[in-house]
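Q: Below are the structure tokens for one structure; questions will follow.
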Amino acid sequence: MKLLSIMFIVFTLAVLGFSTYQALVVAPTEQTMGDVQRIFYYHAPTAWVAGLCFFVNFLASIVYLWKRSLNADALALASAEVGVVFCTIVLITGPIWARPVWGIWWTWEARLTSTLVLWMIYVSYLMLRRFAAGSQTPVLAAALAIFGFVDVPIVYMSIRWFRTQHPQPVIAGGEGSGLDPAMWHAFLWNLLAFTCVGIVFIATRYNLQKLENEVEAEHAQLALRGSAR
Amino acid sequence: MTGAVALRAAYAVTWIIPLLYLRYLLGRYRRVRSEMKDLKRSS
């Protein structure tokens with residue numbers, strides 16, 4: 001298992017190196033925006049990973065409410081935390097792209113606002129997990145996660161449902177949308193690289209949570225033995 | 001902000017945030033592992 005993990009980390013690093021080269025060197029420069037368009041190769045894959053993490057959190061929360069499995073709870077917590085990390089990158093790289101292209105850092109339109117709301121939902125989830133005391137905290141957090149996930153499809157569909165300042169979808173956006181084949185290569189490599197990074201982070205955080213649960217159980221046992229003497 | 005500066009800034013953000021998170025995870029891992037060792041020793 002340890003060898004498999006090391007092999008996966010090495011693979012992730014190799015793909016990351018190659019995808020960075022694809023994004024910064026191989027992909028052609030976009031005619032209207034110039035080099036700033038290359039932010040897309042980081043912005044869109046990190047948004048994808050954030051969405052994926054929140055989906056894992058959603059599934060794990062359902063499993064936790066159903067089976068009361070501590071492993072599902074650990075996975076829910078791990079995926080929410082990693083999702084917030086990637087969502088933060090999305091919310092920072094977006095305005096960095098917007099400033100030279102739109103002339104403004106931020107505007108309260110559907111895509112941007114729903115993404116900010118998404119980030120705030122999962123930050124509240126993490127705050128609930130961190131600061132609320134009592135055995136019901138994981139249950140409340142799971143319920144929040146299930147309802148909070150409703151915002152993920154809203155974020156995805158916002159540029160289809162509303163007239164927004166955010167660029168229209170270039171992937172699965174229908175007629176007139178799409179990417180140059182060389183841009184597609186760079187995009188897909190980055191999608192793979194960031195997905196692998198997301199998996200490595202979730203696995204690491206999940207194992208850490210399990211270890212913390214073990215420490216907590218050990219503390220409880222010690223306390224029980226102490227009170228029995 | 002020019003395009004090249006924006007690209008460099010976005011690139012830096014994309015790497016700095018995950019690296020900081022990784023550092024935080026590894027630090028926490030080290031702390032929990034040593035706590036576990038102490039607990040096993042005392043039990």
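Starting from 1 in every chain, residues are counted up; chains themselves are A, B, ... following the order of the structure tokens, and ligands are numbered from 1 as listed.
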Hey, list the chain B side of the contact with chain A: 9 Å cut-off, only C-alpha atoms, answer as a PyMOL selection string.

A: chain B and resi 1-11+13-14+17-18+21-22+25-26+28-29+32-33+35-36+39-40+42-43

Q: Would you pick out the contacts of A:Ala72 at 8 Å or less, using only C-alpha atoms, so that residues sharing its chain but fewer than 6 positions from it are not included, and give the list as a short mmCIF file (atom, residue, chain, number, x, y, z; two decimals) with all heavy atoms, in the first residue's frame?

A:
```
data_model
loop_
_atom_site.label_atom_id
_atom_site.label_comp_id
_atom_site.auth_asym_id
_atom_site.auth_seq_id
_atom_site.Cartn_x
_atom_site.Cartn_y
_atom_site.Cartn_z
N ALA A 60 -20.09 11.09 0.97
CA ALA A 60 -19.61 10.60 2.26
C ALA A 60 -20.57 11.03 3.39
O ALA A 60 -20.79 10.27 4.34
CB ALA A 60 -18.21 11.11 2.54
N SER A 61 -21.15 12.22 3.25
CA SER A 61 -22.09 12.69 4.27
C SER A 61 -23.36 11.85 4.28
O SER A 61 -23.89 11.53 5.35
CB SER A 61 -22.46 14.16 4.03
OG SER A 61 -21.31 14.95 4.10
N VAL A 63 -23.52 8.70 3.32
CA VAL A 63 -23.12 7.40 3.89
C VAL A 63 -23.01 7.52 5.42
O VAL A 63 -23.45 6.62 6.15
CB VAL A 63 -21.79 6.90 3.27
CG1 VAL A 63 -21.29 5.65 3.98
CG2 VAL A 63 -21.98 6.62 1.79
N TYR A 64 -22.46 8.64 5.88
CA TYR A 64 -22.33 8.81 7.34
C TYR A 64 -23.70 8.83 8.02
O TYR A 64 -23.91 8.16 9.03
CB TYR A 64 -21.55 10.08 7.69
CG TYR A 64 -21.52 10.31 9.17
CD1 TYR A 64 -20.74 9.49 10.00
CD2 TYR A 64 -22.33 11.27 9.77
CE1 TYR A 64 -20.76 9.63 11.37
CE2 TYR A 64 -22.35 11.43 11.14
CZ TYR A 64 -21.56 10.60 11.94
OH TYR A 64 -21.60 10.75 13.30
#
```

Q: Where does DSSP see helix (DSSP H, G or I) in stretch 49-181 of chain A, if you list the residues as number ranges by chain?

A: A: 49-67, 70-102, 110-131, 137-148, 151-161, 181

Q: Find the residues around A:Leu116 up to 12 Å (only C-alpha atoms counted), leave out those fewer than 5 positions away in its own chain, and share them as a PDB file with N, CA and C atoms, in the first residue's frame.

A:
```
ATOM      1  N   VAL A  84     -12.154  23.263  -0.146  1.00  0.00           N
ATOM      2  CA  VAL A  84     -12.011  24.689   0.200  1.00  0.00           C
ATOM      3  C   VAL A  84     -10.660  25.217  -0.290  1.00  0.00           C
ATOM      4  N   CYS A  87     -11.065  25.676  -3.994  1.00  0.00           N
ATOM      5  CA  CYS A  87     -12.031  26.751  -4.269  1.00  0.00           C
ATOM      6  C   CYS A  87     -11.390  28.118  -3.994  1.00  0.00           C
ATOM      7  N   THR A  88     -10.506  28.167  -2.981  1.00  0.00           N
ATOM      8  CA  THR A  88      -9.792  29.411  -2.684  1.00  0.00           C
ATOM      9  C   THR A  88      -8.914  29.803  -3.876  1.00  0.00           C
ATOM     10  N   ILE A  89      -8.245  28.818  -4.459  1.00  0.00           N
ATOM     11  CA  ILE A  89      -7.397  29.099  -5.637  1.00  0.00           C
ATOM     12  C   ILE A  89      -8.260  29.660  -6.772  1.00  0.00           C
ATOM     13  N   VAL A  90      -9.436  29.056  -6.971  1.00  0.00           N
ATOM     14  CA  VAL A  90     -10.350  29.511  -8.023  1.00  0.00           C
ATOM     15  C   VAL A  90     -10.735  30.975  -7.801  1.00  0.00           C
ATOM     16  N   LEU A  91     -11.067  31.284  -6.534  1.00  0.00           N
ATOM     17  CA  LEU A  91     -11.539  32.636  -6.211  1.00  0.00           C
ATOM     18  C   LEU A  91     -10.417  33.678  -6.277  1.00  0.00           C
ATOM     19  N   ILE A  92      -9.173  33.246  -6.217  1.00  0.00           N
ATOM     20  CA  ILE A  92      -8.067  34.205  -6.337  1.00  0.00           C
ATOM     21  C   ILE A  92      -7.595  34.323  -7.793  1.00  0.00           C
ATOM     22  N   GLY A  94      -9.284  33.736 -10.486  1.00  0.00           N
ATOM     23  CA  GLY A  94     -10.335  34.351 -11.309  1.00  0.00           C
ATOM     24  C   GLY A  94     -10.171  35.876 -11.394  1.00  0.00           C
ATOM     25  N   PRO A  95     -10.168  36.560 -10.247  1.00  0.00           N
ATOM     26  CA  PRO A  95      -9.972  38.025 -10.289  1.00  0.00           C
ATOM     27  C   PRO A  95      -8.628  38.441 -10.899  1.00  0.00           C
ATOM     28  N   TRP A 106     -13.590  42.255  -9.656  1.00  0.00           N
ATOM     29  CA  TRP A 106     -14.758  41.463  -9.214  1.00  0.00           C
ATOM     30  C   TRP A 106     -16.038  42.135  -9.661  1.00  0.00           C
ATOM     31  N   THR A 107     -17.059  41.352  -9.934  1.00  0.00           N
ATOM     32  CA  THR A 107     -18.394  41.888 -10.175  1.00  0.00           C
ATOM     33  C   THR A 107     -19.403  40.892  -9.595  1.00  0.00           C
ATOM     34  N   TRP A 108     -20.521  41.439  -9.105  1.00  0.00           N
ATOM     35  CA  TRP A 108     -21.497  40.548  -8.441  1.00  0.00           C
ATOM     36  C   TRP A 108     -22.421  39.917  -9.478  1.00  0.00           C
ATOM     37  N   GLU A 109     -21.894  39.069 -10.304  1.00  0.00           N
ATOM     38  CA  GLU A 109     -22.715  38.342 -11.276  1.00  0.00           C
ATOM     39  C   GLU A 109     -22.854  36.883 -10.831  1.00  0.00           C
ATOM     40  N   ALA A 110     -23.714  36.137 -11.548  1.00  0.00           N
ATOM     41  CA  ALA A 110     -24.146  34.821 -11.043  1.00  0.00           C
ATOM     42  C   ALA A 110     -22.998  33.839 -10.769  1.00  0.00           C
ATOM     43  N   ARG A 111     -22.059  33.692 -11.715  1.00  0.00           N
ATOM     44  CA  ARG A 111     -21.007  32.683 -11.539  1.00  0.00           C
ATOM     45  C   ARG A 111     -20.100  33.022 -10.363  1.00  0.00           C
ATOM     46  N   ILE A 121     -20.112  28.375   2.220  1.00  0.00           N
ATOM     47  CA  ILE A 121     -20.850  27.222   2.769  1.00  0.00           C
ATOM     48  C   ILE A 121     -19.867  26.204   3.355  1.00  0.00           C
ATOM     49  N   TYR A 122     -18.807  25.907   2.572  1.00  0.00           N
ATOM     50  CA  TYR A 122     -17.880  24.877   3.043  1.00  0.00           C
ATOM     51  C   TYR A 122     -16.920  25.396   4.110  1.00  0.00           C
ATOM     52  N   VAL A 123     -16.663  26.691   4.133  1.00  0.00           N
ATOM     53  CA  VAL A 123     -15.886  27.254   5.246  1.00  0.00           C
ATOM     54  C   VAL A 123     -16.729  27.151   6.519  1.00  0.00           C
ATOM     55  N   ASP A 151     -25.533  24.006  -4.122  1.00  0.00           N
ATOM     56  CA  ASP A 151     -24.912  25.153  -4.793  1.00  0.00           C
ATOM     57  C   ASP A 151     -23.955  24.732  -5.912  1.00  0.00           C
ATOM     58  N   VAL A 152     -23.438  23.496  -5.866  1.00  0.00           N
ATOM     59  CA  VAL A 152     -22.456  23.072  -6.887  1.00  0.00           C
ATOM     60  C   VAL A 152     -23.076  23.069  -8.295  1.00  0.00           C
ATOM     61  N   ILE A 154     -25.607  24.728  -9.215  1.00  0.00           N
ATOM     62  CA  ILE A 154     -25.980  26.126  -9.513  1.00  0.00           C
ATOM     63  C   ILE A 154     -24.760  26.871 -10.067  1.00  0.00           C
ATOM     64  N   VAL A 155     -23.591  26.640  -9.434  1.00  0.00           N
ATOM     65  CA  VAL A 155     -22.353  27.277  -9.924  1.00  0.00           C
ATOM     66  C   VAL A 155     -22.093  26.829 -11.366  1.00  0.00           C
TER      67      VAL A 155
END
```

Q: Calculate how many Å separate atom CA of A:Ala80 from atom CA of A:Phe149, rounding to one decimal.

A: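 Computed distance, atom CA of A:Ala80 to atom CA of A:Phe149, equals 10.7 Å.
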